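Inspection log for the structure reproduced underneath, given as structure tokens.
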Protein chains: 2
Amino acid sequence: MTIDGAEVAERSLTEDVTTAATIGAAPNGGLARFAWTPELAEVTEWVAQELERLGLDTEIDAAGNLLGRWPAPQGKAVMAASHLDTVPSGGPLDGALGVLGAVEAVRILRREGFEPARPIWIGAFMDEEGARFGTALFGSRAFVGEDLTEALEVRDRQGVSVREAMIAQGHDPERLGEAAQVDALSAYLELHIEQGPVLHTKQLRLGIVTSITGILGYRVTLGGEANHAGTTPIDLRRDALVGAARVIVALREEARTDPQLRATVGDIRVVPGATNVIPGRCEFVVDLRPAVADTFERAPGWLEATIERIAAEEGLEATIRRDYAAPPVPMDPHVTDQIRAAAREEQVDALELFSGAGHDAMLVARQVPSGMIFVPSRGGISHSPEEWTDPADCELGARVLAGALRRLAS
Amino acid sequence: MTIDGAEVAERSLTEDVTTAATIGAAPNGGLARFAWTPELAEVTEWVAQELERLGLDTEIDAAGNLLGRWPAPQGKAVMAASHLDTVPSGGPLDGALGVLGAVEAVRILRREGFEPARPIWIGAFMDEEGARFGTALFGSRAFVGEDLTEALEVRDRQGVSVREAMIAQGHDPERLGEAAQVDALSAYLELHIEQGPVLHTKQLRLGIVTSITGILGYRVTLGGEANHAGTTPIDLRRDALVGAARVIVALREEARTDPQLRATVGDIRVVPGATNVIPGRCEFVVDLRPAVADTFERAPGWLEATIERIAAEEGLEATIRRDYAAPPVPMDPHVTDQIRAAAREEQVDALELFSGAGHDAMLVARQVPSGMIFVPSRGGISHSPEEWTDPADCELGARVLAGALRRLAS
């Protein structure tokens, strides 16, 4: 297999990002490339052709994942992947940068004449966002062998099921199990935009992810006593909103002192909700993001004790319901070392941070040593047409990805 | 004019309360006697007959107020009044106790053979609650000479205007101005249930009102930045709900240390209101009840400074809109002295407290030396069929009212 060096050189990551952003452009701005649609198939096919021009064998697997394989004589593969689907009015980089950056990494390694000692796989996972069916991480779940039988029956707003959408795109839902190829991997890498403000604020060009945050979701109800705002003295009140306000402040104080924890109350309502009536009931949601296992273990007890202490002090009855709990996923120290070394080669200061959002790496990392590379998001903005990263930083991310691939595949 | 002593003795306040509660009984429990309805007219007419049996001249004035006059050779009158209308599903005592207690006070004074040196007026004001038209304190506003021309055009849910309802009840809206009789008074007294928990909690049977609270109503908007709950570190957030929570806690702490102030946040909402999004905007209402002039003057500045300080600390933009402001109305020291002396005659411990709710006395007191007597509300409950006061406490209230009338009319 020979690769024409001139041909390899002729395209750049920035050009690829620009080209990909022309596929699935939404009429109201931004991108709309959803699971099992012609737009997503088109961009995936275009990336497959690029991989083939770079001498890789490509496959669209049973779950709709694109896999490009750079063969090697022996050993388990090192994979670099992300996704090509978007949220509604999505930006050009969320997901696509990780796929196109991996294509660029192959170009870099080809130009160097690199000969991998173990296979290199480049991937684009189906439906990371779940924008159409709510079946987020569909492709990576299939890849790691999760049973997706139930997901096949989920329907979009038009009443089309995942099963029907797959068949319409020429896929056989009965063969989904064949997509479970994670056992072929020795390591997994994912380049992604940060989707948060940390790197941008610190004016740093590169982040090395130490873990992907866990998530704990709660729905809390505080029950007090509705009463006349004028005639009820403060010390005879059981004001559910005052209790909730104290919990909100306590959560923020805890999260402020623990850099491994983020805490958010995103919605709240009071009953009866009248100007001159003391709130008799207050309902609110709590989103906790513990970045490390220790915090994940400790957070539920701390939250419950805090709510119960405040409720007791305020004479309220607390009901705490946990809606979901996903533990944090640590990145692999050895893989992370290779990213760190690749960053040093680029003479760039890299910040170690955790990912507050979920990624395909979250699933793969449970079974394969994994690492993630972040580049800055201007203003922390993502899931928006305003999403933007300096092209030089995107290219830096691709070079670090190439360096880590070289080290892991040598 | 002779009053038959046997006849005067034959009825009691408790019987009157029981009888009145049969007029306007709502099908779903409690009472429904609204402005300009046959039910309110019926109970008013029945009270008028009782006053006539006690030898008083009665009038239903142009505003629908019942006035019973015990004449005297000279001087301005001492009036005892309250109201007979109710909220929807109202209780038997809110308002009615003040009217029927005044009737009972006349009975007591008649039994004693009291000869007033100045006239005694007994009153039942039209539409204190405003349940039908939102035209609260209609009768007492007319009595103190307020121009009610605009109120005449207000319509109820069926589209009937106050003007039309008055005419249907045989009243001439053009003669409303004739109801302005406040100048005939030298003093005003009102017996009322507390509608709050203070007396009940302290196991006291009588309260002497020092002032009727002022009210300050605000609508506050805090503007921050909506952002991803997972990827945005705590110290880079502008969380509008955290700011609001701090304001709510600060308000409560201020009100807890100042017995002359009550503060309530009765309603709150956040935008966008999603589990995993930091609230970008939070709107809430603030109800402040300053009991005395000094607190009323100080509270707005304190509130605004507190909100602006917290907003600045949290990086939020605050918009503070004042919706209403009514100053506190102090009761008259001389009138209050007479109530105090009457309470001592009954050998009862009376608590001096302020009224957190509005009353007809609020309007009259601005022009005539006034005083109010409270009896306990079980559990602080009012505006509910559960509203209840020990009949012995109601009778005590009527005796103290009689004592104060005797002193003021001697």
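Chain labels A, B, ... are given in the sequence in which chains occur in the structure tokens; within each chain residues are numbered consecutively from 1, and ligands are likewise numbered from 1 in the order shown.
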
Contact check, chain B to chain A, at most 7 Å, counting only C-alpha atoms, closest pairs as a tab-separated table:
```
residue	atom	partner	partner_atom	distance
B:Gln195	CA	A:Thr231	CA	6.4
B:Gly196	CA	A:Thr231	CA	4.7
B:Pro197	CA	A:Thr232	CA	6.4
B:Ala229	CA	A:Thr264	CA	6.1
B:Gly230	CA	A:Gly356	CA	4.1
B:Thr231	CA	A:Gly356	CA	4.2
B:Thr232	CA	A:Gly196	CA	5.4
B:Pro233	CA	A:Arg262	CA	6.7
B:Ile234	CA	A:Arg256	CA	6.0
B:Val242	CA	A:Val249	CA	6.3
B:Ala245	CA	A:Ala245	CA	4.3
B:Arg246	CA	A:Val249	CA	6.6
B:Ile248	CA	A:Val242	CA	6.4
B:Val249	CA	A:Val242	CA	6.3
B:Ala255	CA	A:Ile234	CA	6.8
B:Arg256	CA	A:Ile234	CA	6.0
B:Arg262	CA	A:Ile234	CA	6.6
B:Thr264	CA	A:Ala229	CA	6.1
B:Gly266	CA	A:Thr275	CA	4.9
B:Asp267	CA	A:Gly273	CA	4.4
B:Ile268	CA	A:Arg269	CA	6.5
B:Arg269	CA	A:Arg269	CA	6.2
B:Val270	CA	A:Asp267	CA	6.3
B:Gly273	CA	A:Asp267	CA	4.4
B:Ala274	CA	A:Gly266	CA	5.3
B:Thr275	CA	A:Gly266	CA	4.9
B:Asn276	CA	A:Gly266	CA	6.2
B:Val277	CA	A:Gly266	CA	5.6
B:Ile278	CA	A:Gly266	CA	5.4
B:Pro279	CA	A:Gly266	CA	5.6
B:Val285	CA	A:Thr275	CA	6.2
B:Asp287	CA	A:Asn276	CA	6.5
B:Arg289	CA	A:Gly230	CA	6.4
B:Ser355	CA	A:Thr231	CA	6.7
B:Gly356	CA	A:Gly230	CA	4.1
B:Ala357	CA	A:Gly230	CA	5.4
```

Just want the 12 Å neighbourhood of A:Leu148, counted on only C-alpha atoms, with same-chain residues fewer than 3 positions away dropped. Output as a count of residues only. 27

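Here the residues within stretch 152-206 of chain B that DSSP labels strand (DSSP E or B) on the basis of the backbone are B:Arg155, B:Ser161, B:Leu185, B:Ser186, B:Ala187, B:Tyr188, B:Leu189, B:Glu190, B:Leu191, B:His192, B:Ile193, B:Leu206.
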
For the residues in the current selection, export N, CA and C atoms as a compact mmCIF listing (two decimals), in the first residue's frame.
```txt
# COMPACT_ATOMS: atom_id res chain seq x y z
N ARG B 155 -65.66 44.93 37.06
CA ARG B 155 -66.64 43.86 36.81
C ARG B 155 -66.23 42.56 37.49
N SER B 161 -70.86 44.80 36.58
CA SER B 161 -70.06 45.85 37.19
C SER B 161 -70.57 46.14 38.60
N LEU B 185 -67.32 61.20 63.65
CA LEU B 185 -66.75 60.33 64.70
C LEU B 185 -65.73 61.05 65.58
N SER B 186 -65.67 60.63 66.83
CA SER B 186 -64.59 61.06 67.73
C SER B 186 -63.61 59.92 67.99
N ALA B 187 -64.06 58.69 67.79
CA ALA B 187 -63.18 57.53 68.01
C ALA B 187 -63.76 56.33 67.27
N TYR B 188 -62.88 55.37 66.95
CA TYR B 188 -63.30 54.17 66.23
C TYR B 188 -62.69 52.95 66.90
N LEU B 189 -63.49 51.89 67.06
CA LEU B 189 -63.02 50.64 67.68
C LEU B 189 -63.38 49.47 66.77
N GLU B 190 -62.51 48.49 66.69
CA GLU B 190 -62.83 47.30 65.90
C GLU B 190 -62.33 46.06 66.63
N LEU B 191 -63.25 45.15 66.88
CA LEU B 191 -62.91 43.83 67.44
C LEU B 191 -62.75 42.87 66.28
N HIS B 192 -61.69 42.06 66.29
CA HIS B 192 -61.45 41.14 65.16
C HIS B 192 -60.71 39.91 65.66
N ILE B 193 -60.87 38.81 64.96
CA ILE B 193 -59.99 37.67 65.25
C ILE B 193 -58.59 38.01 64.74
N LEU B 206 -56.39 37.73 74.74
CA LEU B 206 -56.73 39.05 74.22
C LEU B 206 -55.49 39.77 73.69
```

With distances taken over only C-alpha atoms, which of A:Ala32, A:Ala21, A:Ile373, A:Met362 is nearest to A:Ile208? A:Ile373

Got a sec: who's within 10 Å of B:Ala48, counting only C-alpha atoms, leaving out chain neighbours fewer than 4 positions off, as an MDAnalysis selection string? chainID B and resid 42:44 52:54 56:60 66:68 103 122:124

Requested write-out: all heavy atoms of the selected residues, as a tab-separated table (two decimals), in the first residue's frame:
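selection_15.tsv, written as the output of this step:
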```
chain	number	residue	atom	x	y	z
B	42	GLU	N	-79.03	39.91	53.28
B	42	GLU	CA	-79.86	39.22	54.27
B	42	GLU	C	-79.24	39.29	55.67
B	42	GLU	O	-79.92	39.61	56.65
B	42	GLU	CB	-80.07	37.76	53.84
B	42	GLU	CG	-80.99	37.00	54.80
B	42	GLU	CD	-81.12	35.53	54.43
B	42	GLU	OE1	-80.77	35.15	53.28
B	42	GLU	OE2	-81.55	34.74	55.31
B	43	VAL	N	-77.94	38.98	55.75
B	43	VAL	CA	-77.30	39.00	57.07
B	43	VAL	C	-77.25	40.43	57.61
B	43	VAL	O	-77.42	40.66	58.81
B	43	VAL	CB	-75.91	38.32	57.04
B	43	VAL	CG1	-74.86	39.20	56.38
B	43	VAL	CG2	-75.48	37.91	58.45
B	44	THR	N	-77.06	41.39	56.71
B	44	THR	CA	-77.00	42.79	57.13
B	44	THR	C	-78.36	43.23	57.68
B	44	THR	O	-78.44	43.89	58.73
B	44	THR	CB	-76.57	43.68	55.94
B	44	THR	OG1	-75.32	43.20	55.44
B	44	THR	CG2	-76.43	45.13	56.35
B	52	GLU	N	-82.11	47.39	66.01
B	52	GLU	CA	-83.36	48.10	66.28
B	52	GLU	C	-84.03	47.59	67.55
B	52	GLU	O	-84.56	48.37	68.36
B	52	GLU	CB	-84.29	48.00	65.07
B	52	GLU	CG	-83.82	48.92	63.94
B	52	GLU	CD	-84.44	48.61	62.58
B	52	GLU	OE1	-85.44	47.86	62.53
B	52	GLU	OE2	-83.90	49.11	61.58
B	53	ARG	N	-84.01	46.25	67.77
B	53	ARG	CA	-84.56	45.69	69.00
B	53	ARG	C	-83.85	46.26	70.23
B	53	ARG	O	-84.40	46.29	71.32
B	53	ARG	CB	-84.43	44.16	69.00
B	53	ARG	CG	-85.41	43.46	68.08
B	53	ARG	CD	-85.14	41.97	68.01
B	53	ARG	NE	-85.21	41.35	69.34
B	53	ARG	CZ	-84.74	40.14	69.62
B	53	ARG	NH1	-84.15	39.42	68.69
B	53	ARG	NH2	-84.86	39.66	70.83
B	54	LEU	N	-82.55	46.65	70.00
B	54	LEU	CA	-81.78	47.22	71.12
B	54	LEU	C	-81.98	48.74	71.20
B	54	LEU	O	-81.29	49.42	71.97
B	54	LEU	CB	-80.30	46.88	70.96
B	54	LEU	CG	-79.99	45.41	71.21
B	54	LEU	CD1	-78.59	45.07	70.72
B	54	LEU	CD2	-80.12	45.09	72.71
B	56	LEU	N	-81.62	51.05	68.70
B	56	LEU	CA	-80.80	51.92	67.87
B	56	LEU	C	-81.55	52.27	66.58
B	56	LEU	O	-82.38	51.49	66.09
B	56	LEU	CB	-79.47	51.23	67.51
B	56	LEU	CG	-78.34	51.40	68.54
B	56	LEU	CD1	-78.71	50.74	69.85
B	56	LEU	CD2	-77.03	50.85	68.01
B	57	ASP	N	-81.28	53.44	66.05
B	57	ASP	CA	-81.78	53.81	64.72
B	57	ASP	C	-80.81	53.22	63.70
B	57	ASP	O	-79.59	53.32	63.89
B	57	ASP	CB	-81.78	55.33	64.56
B	57	ASP	CG	-82.57	56.01	65.67
B	57	ASP	OD1	-83.61	55.45	66.08
B	57	ASP	OD2	-82.10	57.07	66.13
B	58	THR	N	-81.34	52.66	62.65
B	58	THR	CA	-80.43	52.07	61.67
B	58	THR	C	-80.60	52.70	60.30
B	58	THR	O	-81.66	53.23	59.96
B	58	THR	CB	-80.64	50.54	61.53
B	58	THR	OG1	-81.96	50.32	61.02
B	58	THR	CG2	-80.47	49.84	62.87
B	59	GLU	N	-79.51	52.61	59.54
B	59	GLU	CA	-79.48	53.12	58.17
B	59	GLU	C	-78.59	52.19	57.35
B	59	GLU	O	-77.56	51.71	57.84
B	59	GLU	CB	-78.85	54.53	58.18
B	59	GLU	CG	-78.56	55.11	56.79
B	59	GLU	CD	-77.51	56.22	56.78
B	59	GLU	OE1	-77.02	56.60	57.87
B	59	GLU	OE2	-77.18	56.70	55.69
B	60	ILE	N	-79.01	51.86	56.14
B	60	ILE	CA	-78.06	51.29	55.17
B	60	ILE	C	-77.67	52.47	54.30
B	60	ILE	O	-78.50	53.01	53.57
B	60	ILE	CB	-78.68	50.17	54.31
B	60	ILE	CG1	-79.36	49.09	55.18
B	60	ILE	CG2	-77.63	49.57	53.38
B	60	ILE	CD1	-78.42	48.13	55.88
B	66	LEU	N	-74.01	49.26	56.88
B	66	LEU	CA	-75.04	49.33	57.92
B	66	LEU	C	-74.53	50.22	59.05
B	66	LEU	O	-73.41	50.03	59.56
B	66	LEU	CB	-75.32	47.93	58.47
B	66	LEU	CG	-76.12	47.88	59.79
B	66	LEU	CD1	-77.53	48.45	59.60
B	66	LEU	CD2	-76.17	46.45	60.33
B	67	LEU	N	-75.34	51.19	59.46
B	67	LEU	CA	-75.00	52.04	60.60
B	67	LEU	C	-76.16	52.00	61.59
B	67	LEU	O	-77.30	52.26	61.21
B	67	LEU	CB	-74.78	53.49	60.14
B	67	LEU	CG	-73.63	53.72	59.17
B	67	LEU	CD1	-73.66	55.15	58.63
B	67	LEU	CD2	-72.29	53.43	59.86
B	68	GLY	N	-75.84	51.62	62.84
B	68	GLY	CA	-76.85	51.68	63.91
B	68	GLY	C	-76.43	52.79	64.88
B	68	GLY	O	-75.27	52.83	65.30
B	103	VAL	N	-72.67	44.48	68.57
B	103	VAL	CA	-74.08	44.32	68.98
B	103	VAL	C	-74.12	43.85	70.44
B	103	VAL	O	-74.88	44.37	71.27
B	103	VAL	CB	-74.81	43.32	68.06
B	103	VAL	CG1	-76.22	43.05	68.57
B	103	VAL	CG2	-74.84	43.84	66.62
B	122	ILE	N	-72.82	51.70	65.69
B	122	ILE	CA	-72.40	50.32	65.40
B	122	ILE	C	-72.43	50.16	63.88
B	122	ILE	O	-73.40	50.57	63.24
B	122	ILE	CB	-73.37	49.30	66.05
B	122	ILE	CG1	-73.49	49.55	67.56
B	122	ILE	CG2	-72.94	47.87	65.74
B	122	ILE	CD1	-72.19	49.48	68.33
B	123	GLY	N	-71.37	49.59	63.31
B	123	GLY	CA	-71.32	49.54	61.85
B	123	GLY	C	-70.94	48.19	61.27
B	123	GLY	O	-70.26	47.39	61.92
B	124	ALA	N	-71.41	47.97	60.05
B	124	ALA	CA	-70.95	46.81	59.25
B	124	ALA	C	-70.60	47.37	57.87
B	124	ALA	O	-71.49	47.77	57.12
B	124	ALA	CB	-72.04	45.75	59.15
```

Residue among A:Thr37, A:Gln169, A:Ser370, A:Ser377 lying closest to A:Ala81, counting only C-alpha atoms: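 Closest to A:Ala81 of all the choices is A:Ser370.
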
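Once A:Ile120 and its same-chain neighbours fewer than 3 positions away are set aside, Arg69, Trp70, Pro71, Ala77, Val78, Met79 and Ala409 of chain A remain within 7 Å of it when counting only C-alpha atoms.
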
So that I can check the secondary structure, give me every residue of stretch 130-179 of chain A assigned alpha helix (DSSP H) by backbone DSSP, as number ranges by chain. A: 138-143, 162-168

Residue contacts of B:Pro116 (7 Å, only C-alpha atoms) excluding same-chain residues fewer than 2 positions away, as a list in words: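 So the residues in contact are Ala72, Phe114, Arg118, Pro119, Ala409 and Ser410 of chain B.
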
Please write the residues from the selection above to a file, keeping C-alpha atoms, as a compact mmCIF listing (two decimals), in the first residue's frame.
```txt
# COMPACT_ATOMS: atom_id res chain seq x y z
CA ALA B 72 -76.85 61.07 72.73
CA PHE B 114 -75.54 53.00 80.50
CA ARG B 118 -71.95 61.09 73.12
CA PRO B 119 -73.51 58.92 70.38
CA ALA B 409 -68.68 57.61 75.24
CA SER B 410 -68.89 58.71 78.88
```

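Residues surrounding B:Ala365 within 9 Å are B:Ala187, B:Tyr188, B:Val329, B:Pro330, B:Met331, B:Asp332, B:Asp360, B:Ala361, B:Met362, B:Leu363, B:Gln367, B:Val368, B:Pro369, B:Ser370, B:Gly371 [only C-alpha atoms; sequence separation below 2 positions excluded].
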
Would you mind exporting the chosen residues as a compact mmCIF listing (two decimals), in the first residue's frame, restricted to N, CA, C and O atoms?
```txt
# COMPACT_ATOMS: atom_id res chain seq x y z
N ALA B 187 -64.06 58.69 67.79
CA ALA B 187 -63.18 57.53 68.01
C ALA B 187 -63.76 56.33 67.27
O ALA B 187 -64.97 56.27 67.00
N TYR B 188 -62.88 55.37 66.95
CA TYR B 188 -63.30 54.17 66.23
C TYR B 188 -62.69 52.95 66.90
O TYR B 188 -61.50 52.95 67.25
N VAL B 329 -50.26 51.93 59.85
CA VAL B 329 -51.24 52.84 60.45
C VAL B 329 -51.22 52.62 61.96
O VAL B 329 -51.69 51.59 62.45
N PRO B 330 -50.66 53.57 62.73
CA PRO B 330 -50.61 53.38 64.18
C PRO B 330 -51.99 53.56 64.80
O PRO B 330 -52.79 54.38 64.33
N MET B 331 -52.29 52.79 65.82
CA MET B 331 -53.51 53.00 66.58
C MET B 331 -53.28 54.19 67.53
O MET B 331 -52.15 54.56 67.82
N ASP B 332 -54.38 54.77 67.99
CA ASP B 332 -54.28 55.98 68.79
C ASP B 332 -53.96 55.62 70.26
O ASP B 332 -54.62 54.77 70.85
N ASP B 360 -60.78 47.36 58.07
CA ASP B 360 -61.45 48.65 57.87
C ASP B 360 -60.83 49.74 58.74
O ASP B 360 -60.73 50.90 58.32
N ALA B 361 -60.35 49.35 59.93
CA ALA B 361 -59.75 50.32 60.85
C ALA B 361 -58.57 51.06 60.22
O ALA B 361 -58.28 52.21 60.58
N MET B 362 -57.89 50.37 59.27
CA MET B 362 -56.74 50.95 58.59
C MET B 362 -57.10 52.28 57.93
O MET B 362 -56.30 53.22 57.94
N LEU B 363 -58.31 52.33 57.33
CA LEU B 363 -58.73 53.56 56.66
C LEU B 363 -59.25 54.59 57.65
O LEU B 363 -58.90 55.77 57.59
N GLN B 367 -58.01 59.07 59.94
CA GLN B 367 -58.74 60.33 60.18
C GLN B 367 -59.31 60.45 61.59
O GLN B 367 -59.62 61.56 62.02
N VAL B 368 -59.45 59.30 62.27
CA VAL B 368 -60.11 59.31 63.58
C VAL B 368 -59.27 58.46 64.53
O VAL B 368 -58.79 57.39 64.14
N PRO B 369 -59.09 58.93 65.80
CA PRO B 369 -58.36 58.09 66.77
C PRO B 369 -59.03 56.71 66.87
O PRO B 369 -60.24 56.61 67.08
N SER B 370 -58.21 55.66 66.65
CA SER B 370 -58.79 54.31 66.53
C SER B 370 -58.03 53.30 67.37
O SER B 370 -56.87 53.51 67.75
N GLY B 371 -58.71 52.20 67.65
CA GLY B 371 -58.07 51.10 68.36
C GLY B 371 -58.68 49.79 67.92
O GLY B 371 -59.82 49.75 67.43
```

Give me, as a Markdown table, each residue of stretch 182-276 of chain B that comes within 6 Å of stretch 305-321 of chain B, together with its shortest interatomic pair and the distance in Å at one decimal, counting only C-alpha atoms, with rows ordered by chain and rising residue number.
```
| residue | atom | partner | partner_atom | distance |
| --- | --- | --- | --- | --- |
| B:Tyr218 | CA | B:Arg321 | CA | 5.5 |
| B:Arg219 | CA | B:Arg321 | CA | 5.2 |
| B:Val220 | CA | B:Ile320 | CA | 4.7 |
| B:Thr221 | CA | B:Thr319 | CA | 5.1 |
| B:Leu222 | CA | B:Ala318 | CA | 4.6 |
| B:Gly223 | CA | B:Glu317 | CA | 4.9 |
| B:Gly224 | CA | B:Leu316 | CA | 4.9 |
| B:Arg238 | CA | B:Gly315 | CA | 5.7 |
```
